[in-house]
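Engineer: Sharing protein.csv, CSV, C-alpha atoms and all ligand atoms:
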chain,number,residue,atom,x,y,z
A,1,MET,CA,174.0,139.6,100.0
A,2,PRO,CA,172.9,136.8,97.7
A,3,LYS,CA,169.1,136.8,97.1
A,4,ILE,CA,168.3,139.8,99.2
A,5,GLY,CA,170.7,142.3,97.6
A,6,SER,CA,172.2,145.3,99.3
A,7,ILE,CA,171.5,146.0,103.0
A,8,ARG,CA,172.4,148.8,105.3
A,9,PHE,CA,174.4,147.8,108.3
A,10,GLU,CA,176.4,149.1,111.3
A,11,ARG,CA,180.0,148.0,111.3
A,12,SER,CA,181.3,146.9,114.7
A,13,ARG,CA,185.0,146.5,113.8
A,14,GLU,CA,187.5,146.9,110.9
A,15,PHE,CA,189.1,144.0,109.2
A,16,ASN,CA,191.6,143.5,106.5
A,17,GLY,CA,191.2,140.3,104.6
A,18,ARG,CA,189.2,138.0,102.3
A,19,ILE,CA,185.6,137.4,103.3
A,20,LEU,CA,184.9,133.6,103.2
A,21,ASN,CA,181.2,133.7,104.1
A,22,ALA,CA,178.5,135.7,105.8
A,23,THR,CA,175.9,134.4,108.2
A,24,ILE,CA,172.8,136.4,109.1
A,25,THR,CA,171.2,135.7,112.5
A,26,LYS,CA,168.1,137.1,114.1
A,27,THR,CA,168.0,137.2,117.9
A,28,ALA,CA,165.0,136.5,120.0
A,29,THR,CA,164.7,140.2,120.6
A,30,GLU,CA,164.3,140.7,116.8
A,31,LYS,CA,167.8,142.2,116.1
A,32,TYR,CA,169.6,141.1,113.0
A,33,PHE,CA,173.4,140.4,112.9
A,34,VAL,CA,175.7,139.7,110.0
A,35,SER,CA,178.8,137.6,111.0
A,36,LEU,CA,181.6,137.6,108.5
A,37,CYS,CA,184.1,134.9,108.4
A,38,VAL,CA,187.3,136.6,107.3
A,39,GLU,CA,190.7,135.1,106.4
A,40,GLU,CA,193.4,137.4,107.9
A,41,ASP,CA,197.1,137.0,108.4
A,42,ILE,CA,197.5,136.7,112.2
A,43,ALA,CA,201.0,138.2,112.0
A,44,ASN,CA,199.4,141.6,110.9
A,45,ASN,CA,197.2,141.6,114.0
A,46,LEU,CA,199.7,140.8,116.7
A,47,ARG,CA,199.8,143.3,119.5
A,48,GLN,CA,202.3,144.1,122.3
A,49,ASN,CA,201.7,143.5,126.0
A,50,ASP,CA,203.3,145.7,128.7
A,51,GLY,CA,205.3,142.7,130.2
A,52,GLY,CA,203.7,142.5,133.6
A,53,GLN,CA,203.1,139.4,135.8
A,54,ILE,CA,199.8,138.7,137.5
A,55,GLY,CA,198.3,136.0,139.6
A,56,LEU,CA,194.5,135.8,140.0
A,57,ASP,CA,192.4,134.1,142.6
A,58,VAL,CA,188.8,133.8,141.2
A,59,GLY,CA,185.9,133.7,143.6
A,60,LEU,CA,182.1,134.0,143.8
A,61,LYS,CA,181.8,137.0,146.1
A,62,GLU,CA,184.4,139.0,144.2
A,63,PHE,CA,185.1,138.1,140.6
A,64,CYS,CA,188.9,138.0,141.3
A,65,THR,CA,191.7,139.3,143.5
A,66,ASP,CA,195.2,139.7,142.2
A,67,ASN,CA,198.6,139.3,143.9
A,68,TYR,CA,198.8,143.1,144.3
A,69,GLY,CA,195.6,143.1,146.4
A,70,ASN,CA,193.3,144.6,143.8
A,71,THR,CA,189.8,143.2,143.8
A,72,ILE,CA,187.5,143.2,140.9
A,73,ALA,CA,183.8,143.0,141.8
A,74,ASN,CA,181.5,140.4,140.3
A,75,PRO,CA,178.8,142.1,138.3
A,76,LYS,CA,176.3,139.2,138.9
A,77,PRO,CA,173.8,140.2,136.2
A,78,LEU,CA,171.5,137.2,136.7
A,79,HIS,CA,171.3,137.8,140.5
A,80,ARG,CA,170.6,141.5,139.8
A,81,LEU,CA,167.9,141.0,137.2
A,82,ASN,CA,166.4,137.9,138.7
A,83,LYS,CA,163.2,139.7,140.0
A,84,LYS,CA,162.7,141.2,136.5
A,85,LEU,CA,163.2,137.8,134.9
A,86,THR,CA,160.8,136.0,137.2
A,87,LYS,CA,158.2,138.7,136.6
A,88,ALA,CA,158.5,138.5,132.8
A,89,GLN,CA,158.4,134.7,132.9
A,90,ARG,CA,155.3,134.7,135.0
A,91,LYS,CA,153.6,137.2,132.7
A,92,LEU,CA,154.4,135.1,129.7
A,93,SER,CA,152.9,132.0,131.2
A,94,ARG,CA,149.6,133.8,131.7
A,95,ARG,CA,149.3,135.0,128.1
A,96,LYS,CA,147.0,133.1,125.8
A,97,LEU,CA,148.8,130.8,123.3
A,98,ASP,CA,149.3,132.2,119.8
A,99,SER,CA,148.1,135.7,120.9
A,100,HIS,CA,149.7,139.0,119.9
A,101,ASN,CA,150.2,139.8,123.6
A,102,ARG,CA,152.0,136.5,124.2
A,103,ASN,CA,154.4,137.3,121.3
A,104,ARG,CA,155.0,140.8,122.7
A,105,GLN,CA,155.7,139.4,126.2
A,106,ARG,CA,158.1,136.8,124.7
A,107,ILE,CA,160.2,139.6,123.3
A,108,ILE,CA,160.2,141.5,126.6
A,109,LEU,CA,161.4,138.3,128.3
A,110,ALA,CA,164.1,137.8,125.7
A,111,ARG,CA,165.3,141.4,126.3
A,112,VAL,CA,165.9,140.6,129.9
A,113,TYR,CA,167.9,137.5,129.0
A,114,GLU,CA,169.8,139.6,126.4
A,115,LYS,CA,170.6,142.3,129.0
A,116,ILE,CA,172.0,139.6,131.3
A,117,THR,CA,174.2,138.0,128.6
A,118,ASN,CA,175.4,141.4,127.3
A,119,THR,CA,176.4,142.7,130.8
A,120,ARG,CA,178.4,139.5,131.4
A,121,LYS,CA,180.1,139.6,128.0
A,122,ASP,CA,180.9,143.3,128.2
A,123,PHE,CA,182.5,142.9,131.7
A,124,LEU,CA,184.5,139.8,130.6
A,125,HIS,CA,185.8,141.3,127.4
A,126,LYS,CA,187.0,144.5,129.1
A,127,LEU,CA,188.7,142.5,131.8
A,128,THR,CA,190.4,139.9,129.6
A,129,THR,CA,191.6,142.5,127.2
A,130,GLN,CA,193.1,144.6,130.0
A,131,LEU,CA,194.8,141.6,131.5
A,132,CYS,CA,196.3,140.5,128.2
A,133,ARG,CA,197.4,144.0,127.3
A,134,GLU,CA,199.2,144.6,130.6
A,135,ASN,CA,200.8,141.3,131.3
A,136,GLN,CA,203.3,138.8,129.8
A,137,THR,CA,202.4,136.1,132.4
A,138,ILE,CA,198.9,135.5,133.7
A,139,ALA,CA,198.6,132.8,136.4
A,140,VAL,CA,195.2,131.3,137.1
A,141,GLU,CA,193.9,128.3,138.9
A,142,SER,CA,192.8,125.5,136.6
A,143,LEU,CA,189.2,125.2,137.9
A,144,ASN,CA,187.0,122.2,137.0
A,145,VAL,CA,184.1,124.4,136.2
A,146,GLN,CA,181.9,121.6,134.9
A,147,GLY,CA,182.5,119.6,138.0
A,148,MET,CA,181.8,122.5,140.3
A,149,MET,CA,178.5,123.1,138.4
A,150,ARG,CA,177.3,119.7,139.7
A,151,ASN,CA,177.0,121.3,143.1
A,152,HIS,CA,173.4,122.5,142.8
A,153,LYS,CA,173.8,125.1,145.5
A,154,LEU,CA,176.6,126.8,143.6
A,155,ALA,CA,175.6,126.0,140.0
A,156,GLN,CA,173.6,129.2,139.4
A,157,ALA,CA,176.2,131.5,141.0
A,158,ILE,CA,179.0,129.8,139.0
A,159,ALA,CA,177.0,130.1,135.7
A,160,ASP,CA,176.3,133.8,136.5
A,161,VAL,CA,180.0,134.5,137.1
A,162,SER,CA,180.9,132.6,133.9
A,163,TRP,CA,184.5,131.4,134.7
A,164,GLY,CA,184.4,129.1,131.6
A,165,GLU,CA,183.9,132.1,129.3
A,166,PHE,CA,186.5,134.1,131.2
A,167,PHE,CA,189.2,131.4,130.7
A,168,ARG,CA,188.2,131.0,127.0
A,169,GLN,CA,188.6,134.7,126.3
A,170,LEU,CA,191.9,134.8,128.2
A,171,GLN,CA,193.3,132.0,126.1
A,172,TYR,CA,192.4,133.4,122.7
A,173,LYS,CA,193.4,137.0,123.5
A,174,ALA,CA,196.7,135.7,125.0
A,175,ILE,CA,197.7,134.6,121.4
A,176,LEU,CA,197.0,138.0,120.0
A,177,TYR,CA,199.0,139.8,122.7
A,178,GLY,CA,201.7,137.2,122.9
A,179,CYS,CA,201.2,136.5,126.6
A,180,GLU,CA,201.2,133.2,128.5
A,181,VAL,CA,198.3,132.0,130.5
A,182,ILE,CA,199.6,129.4,133.1
A,183,LYS,CA,197.0,127.2,134.8
A,184,VAL,CA,198.0,126.1,138.2
A,185,PRO,CA,196.5,122.8,139.5
A,186,THR,CA,193.6,123.3,142.0
A,187,PHE,CA,194.8,120.7,144.5
A,188,TYR,CA,197.6,123.2,145.3
A,189,PRO,CA,196.6,124.8,148.7
A,190,SER,CA,196.8,128.4,147.5
A,191,SER,CA,194.8,130.0,150.3
A,192,GLN,CA,196.2,127.9,153.2
A,193,MET,CA,199.9,128.5,152.6
A,194,CYS,CA,201.8,131.5,153.7
A,195,CYS,CA,203.2,133.2,150.6
A,196,ASN,CA,206.1,134.6,152.6
A,197,CYS,CA,207.5,131.6,154.4
A,198,GLY,CA,205.6,128.6,153.0
A,199,TYR,CA,204.0,127.7,156.4
A,200,LYS,CA,200.8,125.6,155.8
A,201,ASN,CA,197.9,126.8,157.9
A,202,SER,CA,195.5,124.1,158.7
A,203,GLN,CA,193.0,126.2,160.6
A,204,THR,CA,191.8,128.5,157.9
A,205,LYS,CA,189.8,126.0,155.9
A,206,ASP,CA,186.6,127.9,156.6
A,207,LEU,CA,185.8,130.3,153.7
A,208,SER,CA,184.5,132.9,156.0
A,209,VAL,CA,188.0,133.6,157.4
A,210,ARG,CA,189.1,136.5,155.2
A,211,GLN,CA,192.2,137.5,157.2
A,212,TRP,CA,194.8,135.5,158.9
A,213,THR,CA,198.2,136.0,160.4
A,214,CYS,CA,201.0,133.5,159.8
A,215,PRO,CA,202.0,131.9,163.2
A,216,LYS,CA,205.5,131.3,161.9
A,217,CYS,CA,206.6,134.5,160.3
A,218,GLY,CA,203.9,136.9,161.6
A,219,THR,CA,202.8,138.2,158.1
A,220,ALA,CA,199.2,139.4,158.0
A,221,HIS,CA,197.3,138.0,155.0
A,222,ASP,CA,194.2,138.8,153.1
A,223,ARG,CA,193.1,135.3,152.2
A,224,ASP,CA,192.5,136.0,148.5
A,225,GLN,CA,195.6,138.1,147.9
A,226,ASN,CA,197.7,135.5,149.6
A,227,ALA,CA,196.1,132.9,147.3
A,228,ALA,CA,196.8,135.0,144.2
A,229,ILE,CA,200.5,135.4,145.2
A,230,ASN,CA,200.8,131.6,145.7
A,231,ILE,CA,199.2,131.0,142.3
A,232,LEU,CA,201.7,133.4,140.6
A,233,HIS,CA,204.7,131.8,142.5
A,234,LYS,CA,203.5,128.3,141.5
A,235,ALA,CA,203.0,129.4,137.8
A,236,LEU,CA,206.5,130.9,137.7
A,237,ALA,CA,208.0,127.7,139.2
A,238,LEU,CA,206.1,125.6,136.6
A,239,LYS,CA,207.3,127.9,133.8
A,240,ASN,CA,211.0,127.7,135.0
A,241,SER,CA,210.9,123.9,135.4
A,242,ALA,CA,209.4,123.4,131.9
B,1,ZN,ZN,204.6,132.9,157.1
In structure tokens, what does this structure look like?
Structural biologist:
Amino acid sequence: MPKIGSIRFERSREFNGRILNATITKTATEKYFVSLCVEEDIANNLRQNDGGQIGLDVGLKEFCTDNYGNTIANPKPLHRLNKKLTKAQRKLSRRKLDSHNRNRQRIILARVYEKITNTRKDFLHKLTTQLCRENQTIAVESLNVQGMMRNHKLAQAIADVSWGEFFRQLQYKAILYGCEVIKVPTFYPSSQMCCNCGYKNSQTKDLSVRQWTCPKCGTAHDRDQNAAINILHKALALKNSA
């Protein structure tokens, strides 16, 4: 490194290309990171996907449900570590300004925040990589995350579930794996419509209704799986009409 000379470091991943620049950052928990900006030919890094099709209905209780009926639990790291966080914050506020103890408590608090962020990132990376590796077509609702965050009752839960970051990762990994992420407009009544016959159910507006039976064709539905199937159908229709 310029000015500081050679440093020992742990390499997180391999790369094959020209280094453009390096940035050293220090986190609030006093860890050092070197980020390298590398110029690589994207054609050398393209991967194959397994060619599947999947529709996802994202939620707050469960992270998402797919059209096959699989449910992925929401890790909710903020919710889980909230007590620890509040305790660490309270302790910090009691420490005398500019004291050694205050500085030590500041790092303890930063570690709790770091744990929350890392848990979230780890979960999202594993999930988005798996989705892009297995599927050619990934259908999701195009959620207005910013708009939904304006609802104060939901803001913390939505931030904790981090849909924005989920969609961002899906988009950039889709390029690497050559898959398509299709966003379906939210006004589409994905959970109210029978995925089998197209009947629109007007009585299941309540979010607490998890199961319903279509009065027209008699199909028993899981609310979220039915929504995921509709999202996939809509995405495929959009794709074919494009
Ligand atoms: Zn039906």
Engineer: Per residue of chain A within 8 Å of ligand ZN 1 (chain B), note the shortest atom pair and the distance in Å to one decimal, counting only C-alpha atoms and all ligand atoms, and order the rows by chain and increasing residue number, as CSV.
Structural biologist:
residue,atom,partner,partner_atom,distance
A:Met193,CA,B:ZN1,ZN,7.9
A:Cys194,CA,B:ZN1,ZN,4.6
A:Cys195,CA,B:ZN1,ZN,6.7
A:Asn196,CA,B:ZN1,ZN,5.0
A:Cys197,CA,B:ZN1,ZN,4.2
A:Gly198,CA,B:ZN1,ZN,6.0
A:Tyr199,CA,B:ZN1,ZN,5.3
A:Thr213,CA,B:ZN1,ZN,7.8
A:Cys214,CA,B:ZN1,ZN,4.5
A:Pro215,CA,B:ZN1,ZN,6.7
A:Lys216,CA,B:ZN1,ZN,5.1
A:Cys217,CA,B:ZN1,ZN,4.1
A:Gly218,CA,B:ZN1,ZN,6.1
A:Thr219,CA,B:ZN1,ZN,5.7
Engineer: Just how far from atom CA of A:Val145 is atom CA of A:Ser190, in Å to one decimal?
Structural biologist: 17.5 Å
Engineer: So which residues touch A:Thr119 within 9 Å, counting all atoms listed in the file, skipping near sequence neighbours fewer than 5 positions away, as a PDB file with C-alpha atoms, in the frame of the given file?
Structural biologist:
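Saved file around.pdb follows:
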ATOM      1  CA  PRO A  75     178.800 142.100 138.300  1.00  0.00           C
ATOM      2  CA  LYS A  76     176.300 139.200 138.900  1.00  0.00           C
ATOM      3  CA  PRO A  77     173.800 140.200 136.200  1.00  0.00           C
ATOM      4  CA  GLU A 114     169.800 139.600 126.400  1.00  0.00           C
ATOM      5  CA  LEU A 124     184.500 139.800 130.600  1.00  0.00           C
TER       6      LEU A 124
END
Engineer: Can you work out which one of A:Thr65, A:Gln48, A:Thr117, A:Thr29 has the shortest atom-to-atom distance to A:Asp160, counting only C-alpha atoms?
Structural biologist: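 Of A:Thr65, A:Gln48, A:Thr117, A:Thr29, the one nearest A:Asp160 is A:Thr117, counting only C-alpha atoms.
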Engineer: In Å, with one decimal, what is the gap from atom CA of A:Ala43 to atom CA of A:Leu170?
Structural biologist: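 Going from atom CA of A:Ala43 over to atom CA of A:Leu170 covers 18.9 Å.
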Engineer: Would you mind telling me which residue in A:Ala110, A:His152, A:Gln225, A:Ser6 lies nearest to A:Ile72 when using only C-alpha atoms?
Structural biologist: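 Of A:Ala110, A:His152, A:Gln225, A:Ser6, the one nearest A:Ile72 is A:Gln225, counting only C-alpha atoms.
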Engineer: Could you give me, as a PDB file with C-alpha atoms, in the frame of the given file, the residues that sit within 12 Å of (181.2, 129.3, 130.0) in the file's coordinates, counting only C-alpha atoms?
Structural biologist:
ATOM      1  CA  THR A 117     174.200 138.000 128.600  1.00  0.00           C
ATOM      2  CA  ARG A 120     178.400 139.500 131.400  1.00  0.00           C
ATOM      3  CA  LYS A 121     180.100 139.600 128.000  1.00  0.00           C
ATOM      4  CA  LEU A 124     184.500 139.800 130.600  1.00  0.00           C
ATOM      5  CA  LEU A 143     189.200 125.200 137.900  1.00  0.00           C
ATOM      6  CA  ASN A 144     187.000 122.200 137.000  1.00  0.00           C
ATOM      7  CA  VAL A 145     184.100 124.400 136.200  1.00  0.00           C
ATOM      8  CA  GLN A 146     181.900 121.600 134.900  1.00  0.00           C
ATOM      9  CA  MET A 149     178.500 123.100 138.400  1.00  0.00           C
ATOM     10  CA  ALA A 155     175.600 126.000 140.000  1.00  0.00           C
ATOM     11  CA  ILE A 158     179.000 129.800 139.000  1.00  0.00           C
ATOM     12  CA  ALA A 159     177.000 130.100 135.700  1.00  0.00           C
ATOM     13  CA  ASP A 160     176.300 133.800 136.500  1.00  0.00           C
ATOM     14  CA  VAL A 161     180.000 134.500 137.100  1.00  0.00           C
ATOM     15  CA  SER A 162     180.900 132.600 133.900  1.00  0.00           C
ATOM     16  CA  TRP A 163     184.500 131.400 134.700  1.00  0.00           C
ATOM     17  CA  GLY A 164     184.400 129.100 131.600  1.00  0.00           C
ATOM     18  CA  GLU A 165     183.900 132.100 129.300  1.00  0.00           C
ATOM     19  CA  PHE A 166     186.500 134.100 131.200  1.00  0.00           C
ATOM     20  CA  PHE A 167     189.200 131.400 130.700  1.00  0.00           C
ATOM     21  CA  ARG A 168     188.200 131.000 127.000  1.00  0.00           C
ATOM     22  CA  GLN A 169     188.600 134.700 126.300  1.00  0.00           C
TER      23      GLN A 169
END
Engineer: As JSON, numbers by chain, please: the residues near A:His221 (cut-off 6 Å, all atoms listed in the file, same-chain neighbours under 4 positions excluded).
Structural biologist: {"A": [211, 212, 213, 226]}
Engineer: Have a look at A:Leu97, A:Ala28, A:Ile138, A:Ala73 and name the one nearest to A:Leu232; count all atoms listed in the file.
Structural biologist: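 Under the stated criterion, the closest residue is A:Ile138.
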Engineer: To one decimal place, how far is atom CA of A:Gly17 from atom CA of A:Glu180 in Å?
Structural biologist: 26.9 Å
Engineer: I'd like the neighbourhood of A:Lys61 as a PDB file with C-alpha atoms, keeping the file's coordinate frame, where a residue qualifies if any of its atoms comes within 7 Å (using only C-alpha atoms), though same-chain residues fewer than 2 positions away should be ignored.
Structural biologist:
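The result, written out as selection_8.pdb:
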ATOM      1  CA  GLY A  59     185.900 133.700 143.600  1.00  0.00           C
ATOM      2  CA  PHE A  63     185.100 138.100 140.600  1.00  0.00           C
ATOM      3  CA  ASN A  74     181.500 140.400 140.300  1.00  0.00           C
TER       4      ASN A  74
END
Engineer: In terms of the shortest atom-to-atom distance over all atoms listed in the file, which of A:Gly69, A:Gly51, A:Gly5, A:Pro189 is closest to A:Gln136?
Structural biologist: A:Gly51
Engineer: Taking 4 positions as the minimum chain separation for residues in the same chain, which residues sit within 9 Å of A:Asn45 when counting all atoms listed in the file? Answer as a ChimeraX atom specification.
Structural biologist: /A:40-41,176
Engineer: Could you check the closest approach to A:Ala228 for each of A:Gly147, A:Pro185, A:Gly55, A:Gly178 and tell me which residue wins, using all atoms listed in the file?
Structural biologist: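 Result for the nearest residue to A:Ala228: A:Gly55.
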Engineer: Taking (171.9, 135.2, 104.1) in the file's own coordinates, collect the residues within 7 Å, counting only C-alpha atoms, and hand them back as a list of chain:residue names.
Structural biologist: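 Applying the cut-off with only C-alpha atoms, one gets A:Met1, A:Pro2, A:Ala22, A:Thr23, A:Ile24.
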Engineer: Measuring between all atoms listed in the file, which one of A:Leu154, A:His79, A:Lys173, A:Val140 shows the shortest distance to A:His125?
Structural biologist: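 Among the listed residues, A:Lys173 lies closest to A:His125.
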Engineer: Which polymer residues have any atom within 8 Å of an atom of A:Ile54, counting all atoms listed in the file, with same-chain residues fewer than 2 positions away left out, as a ChimeraX atom specification?
Structural biologist: /A:52,56,66-67,135,137-139,232
Engineer: Go ahead and save the residues from that selection, with C-alpha atoms, as a JSON list (two decimals), in the coordinates of the input.
Structural biologist:
[["chain", "number", "residue", "atom", "x", "y", "z"],
["A", 52, "GLY", "CA", 203.70, 142.50, 133.60],
["A", 56, "LEU", "CA", 194.50, 135.80, 140.00],
["A", 66, "ASP", "CA", 195.20, 139.70, 142.20],
["A", 67, "ASN", "CA", 198.60, 139.30, 143.90],
["A", 135, "ASN", "CA", 200.80, 141.30, 131.30],
["A", 137, "THR", "CA", 202.40, 136.10, 132.40],
["A", 138, "ILE", "CA", 198.90, 135.50, 133.70],
["A", 139, "ALA", "CA", 198.60, 132.80, 136.40],
["A", 232, "LEU", "CA", 201.70, 133.40, 140.60]]
